[in-house]
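Peer 1: What follows is a structure written as structure tokens; I'll ask about it next.
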Amino acid sequence: MTLVVAVAVALVVLGAAAILVGTSEGSTPSGDQYVDIADVPVAHDPAAAGSFTIECGTNEQRHLNADNPVMSPGIPAGAHHTHEYVGNTTSDHRSTNESLAAASSTCGDDDRSAYFWPVLRLTDGVGHDAHANGGGAHGNTGEVVPPRQVRVSYHGNPVSKVLPMPRFLRMITGDPMAFTHDHGDRVRARWSCANQPDRHTTKYPLCDDGADVVRTFEFASCWDGGNADSASHRTHVVFPSAAGICPAKTFPVPVLRLTVTYDLPQGRPFAIDSFPEQHRDPASDHAMFINVMSVAMMSDVVRCINEARSCSSAH
């Protein structure tokens, strides 16, 4: 891959938002990958009573690596892009059920689960990992932006009570290969602005002055009742219908939702890390999870949700 020859960023003001047009060899996505949030229609999501929120911090320790203990365990830099973590402090390619269970965590109530997703970068600068695996060496140039807020929450099913997740359940949501898969049905990317949460898109949102950019990752919640993982890392837990109904021979478990918020400088281009061939397409956004809650804590989560209460843990 040759070096970036030029980066041109033009701002065209449309009300309070801006359209970004960037040209580079892989560092900044093209202008049509960004959208003025005011042009995104309002969506109405089905509501389910009951939630349990876990305080896990914002990765203040800057736990970052190019590993993926769900999709490519045992392979150093197997993700080919950099992941940001909260929860389990040891998550990497060497992680096992035993090592995760023995580790410390940034989450409250001793939730040792691993929650992780690709980092977000300002693409008009130079990152700390310009020549490292996962970073610039894989085309993910730019300065990593730490999250302003991370919210880890579990929610109920709108038509049924939920069962506990099994310990060491592994899941992925979203499609890290969305570009080469022609944006198929595995895409779960959900971008929005903090001041307009009912407008969400698979493109990078251009928010009003001062509004934070938000990424929301919602995981599948219909479990096959027996397996903590599967060969594809997808078939053991699938998504319900739009109405919340689980397919036959699956059982509703708590809906995990990660909400990651960023305070970005107005007008500067930004993008997530991706596999090089995905060209940092915003639709390729994804997240992973390994459940390392104690059985007792998972029981508390399920009880709270099924009693339609709103509960939280202390950080």
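Labels used: A, B, ... for chains in the order of the structure tokens, numbers from 1 for residues in each chain, and numbers from 1 for ligands as shown.
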Report the closest atom pair, with its distance in Å rounded to one decimal, for each residue of region 124-220 of chain A that has an atom no farther than 10 Å from region 110-119 of chain A; count only C-alpha atoms, sort by chain and then rising residue number, and write it as a tab-separated table.
Peer 2:
residue	atom	partner	partner_atom	distance
A:Gly134	CA	A:Pro118	CA	9.9
A:Gly135	CA	A:Val119	CA	9.9
A:Asn140	CA	A:Val119	CA	9.7
A:Glu143	CA	A:Val119	CA	9.7
A:Val144	CA	A:Val119	CA	6.5
A:Val145	CA	A:Val119	CA	7.4
A:Pro146	CA	A:Val119	CA	8.1
A:Pro147	CA	A:Val119	CA	9.0
A:Val152	CA	A:Tyr115	CA	8.6
A:Arg167	CA	A:Ser113	CA	9.4
A:Phe168	CA	A:Ser113	CA	8.3
A:Leu169	CA	A:Ser113	CA	9.7
A:Arg170	CA	A:Ala114	CA	9.4
A:Met171	CA	A:Tyr115	CA	10.0
A:Ile172	CA	A:Trp117	CA	9.7
A:Thr173	CA	A:Trp117	CA	9.8
A:Pro176	CA	A:Pro118	CA	9.5
A:Phe217	CA	A:Trp117	CA	9.0
Peer 1: Go through region 160-286 of chain A and collect every residue that DSSP, computed from the backbone, puts in strand (DSSP E); the answer should be as a PyMOL selection string.
Peer 2: chain A and resi 170-174+191-193+196-201+204-206+213-218+222-223+237-238+251-252+255-262+270-272+286
Peer 1: Among region 66-237 of chain A, which ones does DSSP assign to helix (DSSP H, G or I) (computed from the backbone)? Answer as a PDB file with C-alpha atoms, in the first residue's frame.
Peer 2:
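Everything below was put into result15.pdb:
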ATOM      1  CA  ASN A  97     -12.574 -19.311  30.398  1.00  0.00           C
ATOM      2  CA  GLU A  98     -10.203 -19.927  33.289  1.00  0.00           C
ATOM      3  CA  SER A  99      -8.070 -16.820  32.733  1.00  0.00           C
ATOM      4  CA  LEU A 100     -11.126 -14.592  32.302  1.00  0.00           C
ATOM      5  CA  ALA A 101     -12.745 -15.941  35.476  1.00  0.00           C
ATOM      6  CA  ALA A 102      -9.554 -15.242  37.453  1.00  0.00           C
ATOM      7  CA  GLY A 108     -19.354  -3.051  39.100  1.00  0.00           C
ATOM      8  CA  ASP A 109     -20.617  -6.066  41.052  1.00  0.00           C
ATOM      9  CA  ASP A 110     -17.487  -7.953  39.966  1.00  0.00           C
ATOM     10  CA  GLY A 136      -1.636   2.086  10.451  1.00  0.00           C
ATOM     11  CA  ALA A 137       0.009  -1.156   9.387  1.00  0.00           C
ATOM     12  CA  HIS A 138      -3.489  -2.404   8.501  1.00  0.00           C
TER      13      HIS A 138
END
Peer 1: Mind checking which residues fall within 6 Å of region 243-258 of chain A, counting only C-alpha atoms, ignoring those fewer than 4 positions away in the same chain, and posting them as a tab-separated table (two decimals) with C-alpha atoms, in the first residue's frame?
Peer 2:
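Result file is selection.tsv:
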chain	number	residue	atom	x	y	z
A	151	ARG	CA	-23.22	2.28	28.98
A	152	VAL	CA	-23.58	-1.47	29.47
A	153	SER	CA	-27.21	-2.48	29.94
A	154	TYR	CA	-29.39	-5.57	29.79
A	155	HIS	CA	-33.05	-5.42	28.78
A	156	GLY	CA	-36.12	-7.61	28.70
A	158	PRO	CA	-41.30	-7.31	24.99
A	162	VAL	CA	-36.12	-14.04	29.98
A	163	LEU	CA	-33.89	-16.91	31.09
A	164	PRO	CA	-30.29	-16.55	32.36
A	165	MET	CA	-27.45	-16.48	29.85
A	216	THR	CA	-25.25	1.46	19.82
A	217	PHE	CA	-24.59	-2.28	19.71
A	218	GLU	CA	-27.54	-4.58	20.40
A	219	PHE	CA	-26.89	-8.31	20.63
A	221	SER	CA	-31.21	-12.63	22.50
A	222	CYS	CA	-32.76	-15.97	21.42
A	223	TRP	CA	-30.51	-18.73	22.79
A	224	ASP	CA	-30.57	-22.37	21.61
Peer 1: Skip region 60-77 of chain A itself and residues of its chain fewer than 2 positions away, then list as number ranges by chain all residues within 6 Å of it, counting only C-alpha atoms.
Peer 2: A: 58, 79-85, 92-94, 134
Peer 1: Measure the distance from CA of Arg190 (chain A) to CA of Met293 (chain A) in Å and round it to one decimal.
Peer 2: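 Result for CA of Arg190 (chain A) versus CA of Met293 (chain A): 26.0 Å, one decimal.
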Peer 1: Calculated over only C-alpha atoms, which of the candidates A:Arg186, A:Phe275, A:Ala308, A:Asp229 has the smallest distance to Asn133 (chain A)?
Peer 2: A:Phe275
Peer 1: I'd like the interatomic distance between CA of Cys207 (chain A) and CA of Val86 (chain A), to a tenth of an Å.
Peer 2: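 Computed distance, CA of Cys207 (chain A) to CA of Val86 (chain A), equals 25.6 Å.
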